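> Structure supplied as final39.txt; contents: compact mmCIF, C-alpha atoms.
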# COMPACT_ATOMS: atom_id res chain seq x y z
CA MET B 159 96.81 123.53 85.01
CA SER B 160 96.32 121.97 81.60
CA PHE B 161 95.96 118.47 80.25
CA GLY B 162 95.22 119.79 76.78
CA ALA B 163 91.90 120.10 75.01
CA THR B 164 89.22 117.49 75.59
CA GLU B 165 89.04 115.16 72.60
CA LYS B 166 87.72 111.75 71.66
CA LEU B 167 89.59 108.78 73.06
CA PRO B 168 92.75 108.27 70.99
CA GLY B 169 93.68 105.05 69.30
CA LYS B 170 96.67 102.94 70.26
CA LYS B 171 99.99 104.72 69.88
CA ASP B 172 103.61 103.82 69.71
CA ALA B 173 104.78 103.89 73.34
CA GLY B 174 107.52 106.39 72.52
CA SER B 175 105.46 108.78 70.40
CA GLU B 176 104.62 111.20 73.21
CA PRO B 177 106.31 112.42 76.39
CA ILE B 178 105.53 110.75 79.69
CA THR B 179 102.95 112.61 81.79
CA HIS B 180 103.60 112.31 85.52
CA VAL B 181 100.33 112.59 87.45
CA ILE B 182 99.68 112.39 91.18
CA LEU B 183 96.50 110.90 92.64
CA ALA B 184 95.91 111.60 96.33
CA CYS B 185 93.08 109.38 97.56
CA ASP B 186 91.27 108.10 100.63
CA GLU B 187 88.18 106.09 101.51
CA SER B 188 85.10 106.57 103.64
CA GLY B 189 82.00 104.64 104.54
CA ALA B 190 81.77 100.86 104.33
CA LYS B 191 84.75 98.55 103.91
CA GLY B 192 84.78 94.83 104.54
CA TYR B 193 84.09 92.01 102.11
CA ALA B 194 81.32 90.93 99.79
CA ASP B 195 79.91 88.34 102.19
CA ARG B 196 78.59 91.19 104.40
CA ASP B 197 75.26 92.83 103.63
CA GLU B 198 74.49 96.50 104.27
CA ALA B 199 74.31 97.63 107.88
CA PHE B 200 71.60 100.18 107.06
CA ALA B 201 69.45 100.92 104.04
CA GLY B 202 71.52 102.38 101.21
CA GLU B 203 74.93 101.94 102.88
CA THR B 204 77.81 102.73 100.52
CA GLY B 205 81.57 102.63 100.36
CA VAL B 206 83.44 105.53 98.76
CA PHE B 207 86.99 106.00 97.47
CA ALA B 208 87.75 109.57 96.39
CA GLY B 209 90.74 111.50 95.21
CA LEU B 210 92.31 114.58 93.68
CA MET B 211 94.49 114.16 90.59
CA ALA B 212 96.76 116.60 88.77
CA PRO B 213 100.08 116.72 86.88
CA ALA B 214 103.09 116.51 89.19
CA ASP B 215 104.45 119.94 88.25
CA PHE B 216 101.09 121.50 89.11
CA VAL B 217 100.94 119.61 92.41
CA ASP B 218 104.40 120.92 93.32
CA LYS B 219 103.06 124.47 93.00
CA VAL B 220 99.82 124.07 94.96
CA ALA B 221 100.79 121.44 97.57
CA PRO B 222 102.17 124.02 100.04
CA ASP B 223 98.72 125.65 100.22
CA PHE B 224 97.10 122.34 101.16
CA ASP B 225 99.92 121.45 103.56
CA ALA B 226 99.50 124.78 105.36
CA VAL B 227 95.78 124.20 105.94
CA ALA B 228 96.38 120.64 107.17
CA ALA B 229 99.04 121.85 109.62
CA GLN B 230 96.51 124.18 111.27
CA TYR B 231 94.23 121.29 112.24
CA ALA B 232 96.72 118.51 113.02
CA THR B 233 97.23 117.28 116.57
CA PRO B 234 100.63 117.80 118.25
CA ASP B 235 101.71 114.35 117.06
CA GLY B 236 100.82 115.25 113.48
CA LYS B 237 97.63 113.17 113.20
CA LEU B 238 94.68 114.50 111.25
CA HIS B 239 91.43 112.85 110.14
CA ILE B 240 88.32 114.90 109.70
CA THR B 241 86.17 112.44 111.67
CA ASP B 242 88.42 112.91 114.73
CA LEU B 243 87.74 116.65 114.90
CA PRO B 244 84.83 118.29 116.75
CA PRO B 245 82.01 119.39 114.40
CA PRO B 246 82.97 123.10 114.23
CA LYS B 247 86.53 122.25 113.22
CA GLN B 248 85.29 119.64 110.76
CA ALA B 249 83.24 122.31 109.02
CA ALA B 250 86.12 124.79 109.03
CA LEU B 251 88.59 122.26 107.59
CA ARG B 252 86.07 121.18 104.97
CA ASN B 253 85.40 124.75 103.88
CA GLU B 254 89.10 125.63 103.63
CA MET B 255 89.98 122.52 101.63
CA PHE B 256 87.00 122.95 99.31
CA GLU B 257 87.95 126.59 98.71
CA LEU B 258 91.49 125.55 97.72
CA ILE B 259 90.20 122.83 95.38
CA ARG B 260 87.87 125.30 93.68
CA ALA B 261 90.48 128.06 93.51
CA HIS B 262 93.06 125.80 91.89
CA LYS B 263 90.44 123.94 89.80
CA VAL B 264 91.76 120.53 90.83
CA PRO B 265 89.92 117.63 89.12
CA CYS B 266 88.19 115.39 91.67
CA PHE B 267 87.14 111.76 91.26
CA TYR B 268 85.36 109.09 93.25
CA GLU B 269 84.04 105.56 93.05
CA ALA B 270 81.02 104.58 95.16
CA ILE B 271 79.43 101.14 95.56
CA HIS B 272 76.25 100.06 97.30
CA VAL B 273 77.12 97.42 99.91
CA ALA B 274 73.89 95.54 99.21
CA GLY B 275 74.66 95.45 95.49
CA PHE B 276 78.22 94.24 96.11
CA HIS B 277 76.83 91.55 98.41
CA ARG B 278 74.17 90.46 95.92
CA ALA B 279 76.72 90.12 93.11
CA HIS B 280 78.80 87.86 95.36
CA ASN B 281 75.78 85.72 96.24
CA ASN B 282 74.78 85.41 92.59
CA LEU B 283 78.25 84.24 91.63
CA SER B 284 78.40 81.82 94.56
CA THR B 285 75.06 80.33 93.48
CA LEU B 286 76.28 79.82 89.91
CA VAL B 287 79.45 78.10 91.11
CA ALA B 288 77.48 75.85 93.48
CA GLN B 289 75.11 74.89 90.66
CA ALA B 290 78.03 74.12 88.37
CA ARG B 291 79.65 71.92 91.01
CA ALA B 292 76.36 70.07 91.62
CA ALA B 293 75.90 69.47 87.91
CA HIS B 294 79.46 68.23 87.38
CA THR B 295 79.85 64.55 86.52
CA GLY B 296 83.00 62.54 86.07
CA PRO B 297 85.79 61.14 88.17
CA VAL B 298 87.53 64.43 88.97
CA LYS B 299 86.20 66.40 91.89
CA VAL B 300 87.33 70.00 91.84
CA SER B 301 88.76 71.05 95.17
CA GLY B 302 87.99 74.22 97.06
CA GLY B 303 84.97 75.66 98.76
CA GLY B 304 82.81 78.58 97.72
CA ILE B 305 83.83 81.80 96.08
CA LYS B 306 86.21 83.90 98.15
CA PRO B 307 84.46 87.20 98.93
CA SER B 308 86.02 90.24 97.25
CA SER B 309 87.26 93.25 99.19
CA LEU B 310 85.02 96.30 98.84
CA HIS B 311 88.01 98.52 99.61
CA VAL B 312 89.99 97.09 96.70
CA ALA B 313 87.04 97.17 94.28
CA LEU B 314 86.51 100.84 95.09
CA PHE B 315 90.16 101.65 94.43
CA GLN B 316 90.08 99.84 91.08
CA GLY B 317 87.07 101.88 89.99
CA LEU B 318 88.70 105.14 91.06
CA TYR B 319 91.96 104.26 89.31
CA GLY B 320 90.08 103.37 86.12
CA LYS B 321 88.41 106.79 86.08
CA VAL B 322 91.77 108.51 86.40
CA LEU B 323 93.06 106.57 83.40
CA ALA B 324 89.92 107.41 81.42
CA PHE B 325 90.30 111.11 82.30
CA CYS B 326 93.89 111.12 81.03
CA CYS B 327 92.92 109.27 77.85
CA GLU B 328 90.12 111.73 77.18
CA ARG B 329 92.76 114.47 77.17
CA ASP B 330 95.05 112.46 74.90
CA LYS B 331 97.57 111.72 77.67
CA THR B 332 98.23 108.02 77.13
CA ARG B 333 101.83 107.54 78.31
CA LEU B 334 101.72 107.89 82.07
CA HIS B 335 103.73 107.81 85.25
CA ILE B 336 101.12 107.49 88.00
CA GLU B 337 101.93 108.24 91.62
CA VAL B 338 99.19 107.20 94.04
CA ARG B 339 99.32 108.75 97.50
CA THR B 340 97.14 107.16 100.13
CA ASP B 341 96.80 107.09 103.90
CA ARG B 342 98.21 104.28 105.99
CA VAL B 343 96.74 100.94 104.96
CA ASP B 344 97.77 97.36 105.62
CA SER B 345 100.54 96.19 103.28
CA PRO B 346 98.43 93.30 101.86
CA ILE B 347 95.84 95.88 100.79
CA VAL B 348 98.57 97.93 99.08
CA ARG B 349 99.67 94.83 97.17
CA ASN B 350 96.06 94.26 96.11
CA PHE B 351 95.91 97.85 94.89
CA GLU B 352 98.90 97.17 92.67
CA ASP B 353 97.35 93.95 91.36
CA VAL B 354 94.01 95.50 90.42
CA ALA B 355 95.75 98.49 88.84
CA HIS B 356 97.59 96.12 86.51
CA GLU B 357 94.44 94.06 85.86
CA LEU B 358 92.78 97.05 84.23
CA LEU B 359 95.37 96.91 81.46
CA GLU B 360 95.28 93.15 80.89
CA VAL B 361 93.85 92.02 77.58
CA GLY B 362 93.36 88.67 75.88
CA ALA B 363 93.31 85.31 77.61
CA LYS B 364 93.45 85.08 81.37
CA ILE B 365 94.55 81.70 82.70
CA THR B 366 93.63 80.48 86.19
CA LYS B 367 95.30 77.39 87.64
CA VAL B 368 93.01 74.89 89.38
CA THR B 369 93.59 71.76 91.40
CA GLY B 370 91.32 68.73 91.61
CA PHE B 371 91.22 65.13 92.83
CA ASP B 372 90.72 62.19 90.46
CA THR B 373 88.58 59.65 92.34
CA GLN B 374 89.51 56.84 89.91
CA THR B 375 93.28 57.19 90.22
CA ASN B 376 93.25 58.69 93.73
CA LYS B 377 95.63 61.38 92.56
CA VAL B 378 95.70 65.16 92.70
CA VAL B 379 95.48 66.64 89.22
CA THR B 380 96.06 70.14 87.98
CA GLY B 381 94.55 72.05 85.11
CA SER B 382 93.54 75.50 84.05
CA VAL B 383 90.50 77.57 83.26
CA THR B 384 90.97 80.04 80.42
CA THR B 385 88.68 83.03 79.92
CA THR B 386 88.92 85.42 77.00
CA ALA B 387 87.46 88.84 76.33
CA SER B 388 86.12 89.65 72.90
CA GLY B 389 86.07 93.15 71.42
CA ASP B 390 88.43 96.09 71.79
CA TYR B 391 88.51 96.50 75.57
CA GLN B 392 92.14 97.49 75.94
CA LEU B 393 92.58 100.95 77.39
CA PRO B 394 94.68 103.02 74.96
CA VAL B 395 97.23 103.88 77.63
CA THR B 396 100.73 102.84 78.59
CA ILE B 397 101.68 102.97 82.27
CA GLU B 398 105.41 103.57 82.22
CA HIS B 399 105.61 103.61 85.99
CA LEU B 400 103.14 103.04 88.82
CA GLU B 401 104.08 103.83 92.40
CA ILE B 402 101.86 103.65 95.44
CA LYS B 403 103.08 105.78 98.32
CA VAL B 404 101.72 105.56 101.85
CA VAL B 405 101.86 109.10 103.24
CA ASP B 406 101.18 110.63 106.63
CA ASP B 407 98.81 113.40 107.65
CA ARG B 408 101.32 116.14 106.85
CA ASP B 409 100.46 115.61 103.19
CA GLY B 410 97.78 118.24 102.63
CA LEU B 411 96.49 116.71 99.40
CA ALA B 412 95.92 113.40 101.19
CA VAL B 413 94.02 115.28 103.91
CA ALA B 414 91.95 116.97 101.20
CA ALA B 415 91.15 113.52 99.78
CA ASP B 416 90.04 112.40 103.26
CA VAL B 417 87.75 115.44 103.49
CA LEU B 418 86.34 114.81 100.00
CA ALA B 419 85.66 111.12 100.66
CA ASN B 420 83.97 111.93 103.97
CA SER B 421 81.74 114.56 102.33
CA LEU B 422 80.65 112.17 99.58
CA ASP B 423 79.85 109.45 102.10
CA TYR B 424 77.69 111.95 103.98
CA LEU B 425 76.01 113.02 100.74
CA PHE B 426 75.02 109.45 99.88
CA ARG B 427 73.94 108.59 103.44
CA THR B 428 71.59 111.56 103.55
CA ARG B 429 70.04 111.30 100.09
CA ASN B 430 66.30 111.79 99.98
CA PRO B 431 64.12 108.65 99.76
CA ALA B 432 63.54 109.07 96.02
CA GLU B 433 67.30 108.93 95.30
CA LYS B 434 68.60 106.68 98.11
CA PHE B 435 69.04 103.45 96.10
CA ARG B 436 69.77 104.92 92.66
CA ALA B 437 73.02 105.02 90.68
CA LEU B 438 75.96 106.63 92.47
CA ASN B 439 78.56 107.29 89.78
CA TRP B 440 77.15 109.93 87.48
CA PRO B 441 76.67 113.73 87.63
CA LYS B 442 73.11 113.69 88.95
CA ALA B 443 74.30 111.83 92.06
CA PHE B 444 76.60 114.69 93.11
CA GLU B 445 74.75 117.71 91.70
CA SER B 446 74.14 119.08 95.22
CA HIS B 447 77.80 118.67 96.32
CA PRO B 448 79.80 121.90 96.87
CA LEU B 449 82.52 120.57 94.52
CA ARG B 450 80.14 119.47 91.78
CA ASP B 451 82.05 121.44 89.12
CA CYS B 452 85.37 119.80 90.06
CA LEU B 453 83.72 116.36 90.28
CA ASP B 454 82.17 116.79 86.83
CA SER B 455 85.54 116.00 85.27
CA PHE B 456 84.63 114.18 82.05
CA GLY B 457 83.68 115.75 78.76
CA ASN B 458 81.72 112.60 77.94
CA TRP B 459 80.39 110.44 80.77
CA GLY B 460 79.17 107.79 78.34
CA GLY B 461 75.98 105.81 78.60
CA TYR B 462 77.15 102.85 80.67
CA ASN B 463 78.78 102.52 84.08
CA PHE B 464 79.92 99.07 85.19
CA THR B 465 79.67 99.75 88.92
CA ASP B 466 76.17 101.18 88.83
CA THR B 467 75.02 98.30 86.63
CA PHE B 468 76.78 95.28 88.12
CA TYR B 469 76.57 96.40 91.77
CA ARG B 470 73.27 98.26 91.67
CA HIS B 471 71.21 98.21 94.84
CA PRO B 472 68.47 95.52 94.92
CA ASN B 473 65.94 98.26 95.74
CA ASP B 474 66.97 100.53 92.87
CA PRO B 475 63.66 101.71 91.39
CA ASP B 476 65.22 101.63 87.92
CA LEU B 477 65.78 97.85 88.11
Please rewrite the model in this file as structure tokens.


Amino acid sequence: MSFGATEKLPGKKDAGSEPITHVILACDESGAKGYADRDEAFAGETGVFAGLMAPADFVDKVAPDFDAVAAQYATPDGKLHITDLPPPKQAALRNEMFELIRAHKVPCFYEAIHVAGFHRAHNNLSTLVAQARAAHTGPVKVSGGGIKPSSLHVALFQGLYGKVLAFCCERDKTRLHIEVRTDRVDSPIVRNFEDVAHELLEVGAKITKVTGFDTQTNKVVTGSVTTTASGDYQLPVTIEHLEIKVVDDRDGLAVAADVLANSLDYLFRTRNPAEKFRALNWPKAFESHPLRDCLDSFGNWGGYNFTDTFYRHPNDPDL
């Protein structure tokens, strides 16, 4: 499998200046879900979204190997989730899937978020909005209650998807057809996945419609809040086509993603006390994982990670 040599991120290109690269991302989640108004259930609780990504022509060649392993462990009705298996079979499935990933050198990715950090970010934003409402003077009272809590599941997917784009850009593949394969999820969640995938490529002004009530005229009024981003934040990539496919447990790559996500959740749950609350999304966090070489996908990890900064655990000793 080859994406080409690792190079610096390319600049913006003419959309037709390179062939379209069709990549497949098989992904699944493990650990915490829920929304930002929920605090951690235990110290250091995390949510994880993990996946395997490769060019479609490469996936076509190796998929039968993964499908064959999955078929050995599926129930008669075709269902297969690693957490539903007895421990000995869990270990056997994990070992076989990991061996295939290593043998085929499939790049692996994940996004992990501390529940307590996600919750704290929500509370901080809610406090700022409440203070702004209390300080507001004038005849128009803005309608609506507090900030709607964000979905951890969706935030995790957006982070994972962003890493896949960054990986492709680092290999100078900037004109993409992305096929996301995921396990059965509620259709509203799938729509949210599509929304946040597109949000990553938005640039410039973002306009939000708001509704209020004018106490002097006793009328409902409408307006907008416009936010702009300064600097060159646009990802140098063109998504020619994005498709999100809900697949069943006969898809061996999706099963491998389930196994990977489960293993990362276990890794973070069982970290030693010195590491429990520290950053999750960098090589040191997975250095003891059996797939550390496949997870270490980037030539340059950079010096800043949004998730580990914005959603860091309140007990992070590096705070």

> Would you mind telling me which residue in B:Gly275, B:Pro246, B:Pro177, B:Pro265 lies nearest to His471 (chain B) when using all atoms listed in the file?

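So, comparing all the options, the nearest one is B:Gly275.
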
> Go ahead and compute the interatomic distance for CA of Leu314 (chain B) and CA of His272 (chain B), in Å to one decimal.

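Interatomic distance, CA of Leu314 (chain B) to CA of His272 (chain B): 10.5 Å.
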
> Do you know which residues are at most 12 Å from Leu418 (chain B) counting all atoms listed in the file, after dropping those on the same chain fewer than 6 positions away, and could you put them as a count of residues only?

39

> Pick the closest to Ala261 (chain B) from B:Val220, B:Ala194, B:Met211, B:Leu238: which is it, counting all atoms listed in the file?

B:Val220

> I need the residue nearest Val354 (chain B) from this list: B:Asn439, B:Thr465, B:Ser308, B:Ser446. Use all atoms listed in the file for the distance.

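Looking only at the distances to Val354 (chain B), the closest residue turns out to be B:Ser308.
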
> Find the spatial neighbours of Ala214 (chain B), counting all atoms listed in the file, within a cut-off of 7 Å - ignore same-chain residues fewer than 4 positions away - and output them as a list of chain:residue names.

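Residues meeting the cut-off are B:His180, B:Val181, B:Ile182, B:Asp218.
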
> Export C-alpha atoms of the chosen residues as a PDB file, in the coordinates of the input?


ATOM      1  CA  HIS B 180     103.600 112.310  85.520  1.00  0.00           C
ATOM      2  CA  VAL B 181     100.330 112.590  87.450  1.00  0.00           C
ATOM      3  CA  ILE B 182      99.680 112.390  91.180  1.00  0.00           C
ATOM      4  CA  ASP B 218     104.400 120.920  93.320  1.00  0.00           C
TER       5      ASP B 218
END

> Measuring between all atoms listed in the file, which one of B:Ala190, B:Ala201, B:Ile336, B:Ala293 shows the shortest distance to Thr428 (chain B)?

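Going through B:Ala190, B:Ala201, B:Ile336, B:Ala293 one by one, the smallest distance to Thr428 (chain B) is for B:Ala201.
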
> Which polymer residues have any atom within 8 Å of an atom of Glu398 (chain B), counting only C-alpha atoms, with same-chain residues fewer than 2 positions away left out, as a PDB file with C-alpha atoms, in the frame of the given file?


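Now in selection_31.pdb:
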ATOM      1  CA  ILE B 178     105.530 110.750  79.690  1.00  0.00           C
ATOM      2  CA  ARG B 333     101.830 107.540  78.310  1.00  0.00           C
ATOM      3  CA  LEU B 334     101.720 107.890  82.070  1.00  0.00           C
ATOM      4  CA  HIS B 335     103.730 107.810  85.250  1.00  0.00           C
ATOM      5  CA  THR B 396     100.730 102.840  78.590  1.00  0.00           C
ATOM      6  CA  LEU B 400     103.140 103.040  88.820  1.00  0.00           C
TER       7      LEU B 400
END

> For a test of reading the model, state the distance in Å between CA of Gly461 (chain B) and CA of Phe426 (chain B), rounded to one decimal.

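Here the two named atoms are 21.6 Å from each other.
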
> Rounded to one decimal, what separation in Å do you get between CA of Ile271 (chain B) and CA of Leu422 (chain B)?

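CA of Leu422 (chain B) lies at a distance of 11.8 Å from CA of Ile271 (chain B).
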
> Go through B:Asn350, B:Ser421, B:Gln230, B:Asn463 one by one, measure the shortest atom-to-atom distance of each to Pro441 (chain B) using only C-alpha atoms, and give the residue with the smallest value.

B:Asn463

> Show me, as a ChimeraX atom specification, the residues that have an atom within 12 Å of Pro431 (chain B) when counting all atoms listed in the file, minus same-chain residues fewer than 2 positions from it.

/B:201-202,426-429,433-436,473-475

> Can you list, as a PDB file with C-alpha atoms, keeping the file's coordinate frame, every protein, DNA or RNA residue that comes within 9 Å of region 280-282 of chain B when you count all atoms listed in the file, leaving out same-chain residues fewer than 2 positions away?


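Here's the written file part_36.pdb:
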ATOM      1  CA  ALA B 194      81.320  90.930  99.790  1.00  0.00           C
ATOM      2  CA  ASP B 195      79.910  88.340 102.190  1.00  0.00           C
ATOM      3  CA  GLY B 275      74.660  95.450  95.490  1.00  0.00           C
ATOM      4  CA  PHE B 276      78.220  94.240  96.110  1.00  0.00           C
ATOM      5  CA  HIS B 277      76.830  91.550  98.410  1.00  0.00           C
ATOM      6  CA  ARG B 278      74.170  90.460  95.920  1.00  0.00           C
ATOM      7  CA  SER B 284      78.400  81.820  94.560  1.00  0.00           C
ATOM      8  CA  THR B 285      75.060  80.330  93.480  1.00  0.00           C
ATOM      9  CA  LEU B 286      76.280  79.820  89.910  1.00  0.00           C
ATOM     10  CA  VAL B 287      79.450  78.100  91.110  1.00  0.00           C
ATOM     11  CA  ILE B 305      83.830  81.800  96.080  1.00  0.00           C
ATOM     12  CA  LYS B 306      86.210  83.900  98.150  1.00  0.00           C
ATOM     13  CA  PRO B 307      84.460  87.200  98.930  1.00  0.00           C
ATOM     14  CA  SER B 308      86.020  90.240  97.250  1.00  0.00           C
TER      15      SER B 308
END

> Calculate, to one decimal in Å, the centre and edge lengths of the box along x, y and z of the file that holds all listed atoms of region 439-452 of chain B with 3 Å of margin on each side, and present them as AutoDock Vina command-line options.


--center_x 79.2 --center_y 114.6 --center_z 92.2 --size_x 18.3 --size_y 20.6 --size_z 15.4
